[in-house]
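Novice: Mind having a look at this structure? Questions to follow.
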Amino acid sequence: MLVYKIDVLEELKNNGYNTNRLRKEKLLGENSIQYIRDGKMVGTKALDNICKLLDMQPGNIIKYTEE
């Protein structure tokens, strides 16, 4: 199962991207933001945007764990 290694929304906020800005500038959709809040995995396009915004690799954001 894939899980987040970091608090994605908190890290985005620390980099100047609060949820209002993410929505307004269409950097992440509402569904993606809600998935992150719920600890669910986002799609590859959203993950790509998160990596770009945070200047991180996917492995810095998510990891695989046994269920």
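By order in the structure tokens, chains are A, B, ...; within a chain, residues start at 1; ligands start at 1, following the order shown.
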From a backbone DSSP assignment, name each residue in chain A labelled helix (DSSP H, G or I), as a ChimeraX atom specification.
Specialist: /A:8-14,19-24,30-38,44-54,58-61
Novice: Just list the residues in chain A DSSP gives strand (DSSP E) on the backbone, as a PyMOL selection string.
Specialist: chain A and resi 2-4+62-64
Novice: Find the spatial neighbours of Tyr17 of chain A, counting only C-alpha atoms, within a cut-off of 12 Å - ignore same-chain residues fewer than 5 positions away - and output them as a PyMOL selection string.
Specialist: chain A and resi 8-12+22-28+33+49-50+53-54
Novice: Emit the selected residues as a short mmCIF file (atom, residue, chain, number, x, y, z; two decimals), in the first residue's frame, including N, CA and C atoms.
Specialist:
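So the final result, stored in part06.cif, reads:
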```cif
data_model
loop_
_atom_site.label_atom_id
_atom_site.label_comp_id
_atom_site.auth_asym_id
_atom_site.auth_seq_id
_atom_site.Cartn_x
_atom_site.Cartn_y
_atom_site.Cartn_z
N VAL A 8 1.74 16.40 3.11
CA VAL A 8 1.85 17.09 1.82
C VAL A 8 1.27 18.50 1.90
N LEU A 9 0.08 18.65 2.46
CA LEU A 9 -0.54 19.98 2.50
C LEU A 9 0.26 20.94 3.38
N GLU A 10 0.81 20.44 4.46
CA GLU A 10 1.63 21.29 5.34
C GLU A 10 2.91 21.71 4.61
N GLU A 11 3.51 20.79 3.89
CA GLU A 11 4.74 21.10 3.14
C GLU A 11 4.44 22.11 2.02
N LEU A 12 3.30 21.94 1.34
CA LEU A 12 2.91 22.91 0.32
C LEU A 12 2.69 24.28 0.95
N LEU A 22 -3.89 26.84 -4.29
CA LEU A 22 -3.85 25.64 -5.13
C LEU A 22 -5.10 25.55 -6.00
N ARG A 23 -6.25 25.86 -5.40
CA ARG A 23 -7.51 25.82 -6.16
C ARG A 23 -7.59 26.96 -7.17
N LYS A 24 -7.30 28.17 -6.70
CA LYS A 24 -7.44 29.37 -7.53
C LYS A 24 -6.56 29.31 -8.77
N GLU A 25 -5.32 28.86 -8.59
CA GLU A 25 -4.39 28.79 -9.71
C GLU A 25 -4.46 27.45 -10.44
N LYS A 26 -5.41 26.62 -10.02
CA LYS A 26 -5.66 25.30 -10.64
C LYS A 26 -4.40 24.44 -10.66
N LEU A 27 -3.65 24.50 -9.55
CA LEU A 27 -2.45 23.68 -9.41
C LEU A 27 -2.83 22.28 -8.96
N LEU A 28 -3.86 22.17 -8.12
CA LEU A 28 -4.43 20.89 -7.68
C LEU A 28 -5.93 21.06 -7.61
N ILE A 33 -6.98 17.56 -3.37
CA ILE A 33 -6.76 18.12 -2.04
C ILE A 33 -7.48 17.28 -0.99
N ASN A 49 2.42 17.32 -10.26
CA ASN A 49 2.33 18.73 -9.87
C ASN A 49 2.90 18.96 -8.48
N ILE A 50 2.61 18.05 -7.55
CA ILE A 50 3.14 18.18 -6.19
C ILE A 50 4.66 18.12 -6.22
N LEU A 53 5.93 21.46 -7.53
CA LEU A 53 5.76 22.56 -6.59
C LEU A 53 6.73 22.47 -5.41
N LEU A 54 7.00 21.24 -4.96
CA LEU A 54 7.87 21.05 -3.81
C LEU A 54 9.32 20.79 -4.19
#
```
Novice: So what do you get for atom CA of Gln34 of chain A versus atom CA of Asn20 of chain A, distance-wise?
Specialist: 12.7 Å
Novice: Residues at most 9 Å from Ser32 of chain A, counting only C-alpha atoms, excluding those fewer than 5 positions away in the same chain, as a list of chain:residue names?
Specialist: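 Contacts, with the query itself left out: A:Arg37, A:Lys40, A:Met41, A:Val42, A:Gly43, A:Ala46.
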Novice: Show me, as an mmCIF file with N, CA, C and O atoms, in the first residue's frame, the residues that have an atom within 6 Å of Ile62 of chain A when counting only C-alpha atoms, minus same-chain residues fewer than 2 positions from it.
Specialist:
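As written to disk, out-v5.cif reads:
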```cif
data_model
loop_
_atom_site.group_PDB
_atom_site.id
_atom_site.type_symbol
_atom_site.label_atom_id
_atom_site.label_comp_id
_atom_site.auth_asym_id
_atom_site.auth_seq_id
_atom_site.Cartn_x
_atom_site.Cartn_y
_atom_site.Cartn_z
ATOM 1 N N VAL A 3 1.697 5.065 0.963
ATOM 2 C CA VAL A 3 1.340 6.045 1.991
ATOM 3 C C VAL A 3 2.237 7.268 1.831
ATOM 4 O O VAL A 3 3.320 7.197 1.244
ATOM 5 N N TYR A 4 1.777 8.381 2.369
ATOM 6 C CA TYR A 4 2.570 9.612 2.321
ATOM 7 C C TYR A 4 3.637 9.590 3.402
ATOM 8 O O TYR A 4 3.366 9.234 4.540
ATOM 9 N N LYS A 5 4.838 9.975 3.042
ATOM 10 C CA LYS A 5 5.946 10.063 3.988
ATOM 11 C C LYS A 5 5.935 11.405 4.711
ATOM 12 O O LYS A 5 6.504 11.531 5.787
ATOM 13 N N GLY A 59 9.646 9.600 -4.515
ATOM 14 C CA GLY A 59 10.129 8.823 -3.382
ATOM 15 C C GLY A 59 10.314 9.636 -2.108
ATOM 16 O O GLY A 59 10.380 9.078 -1.021
#
```
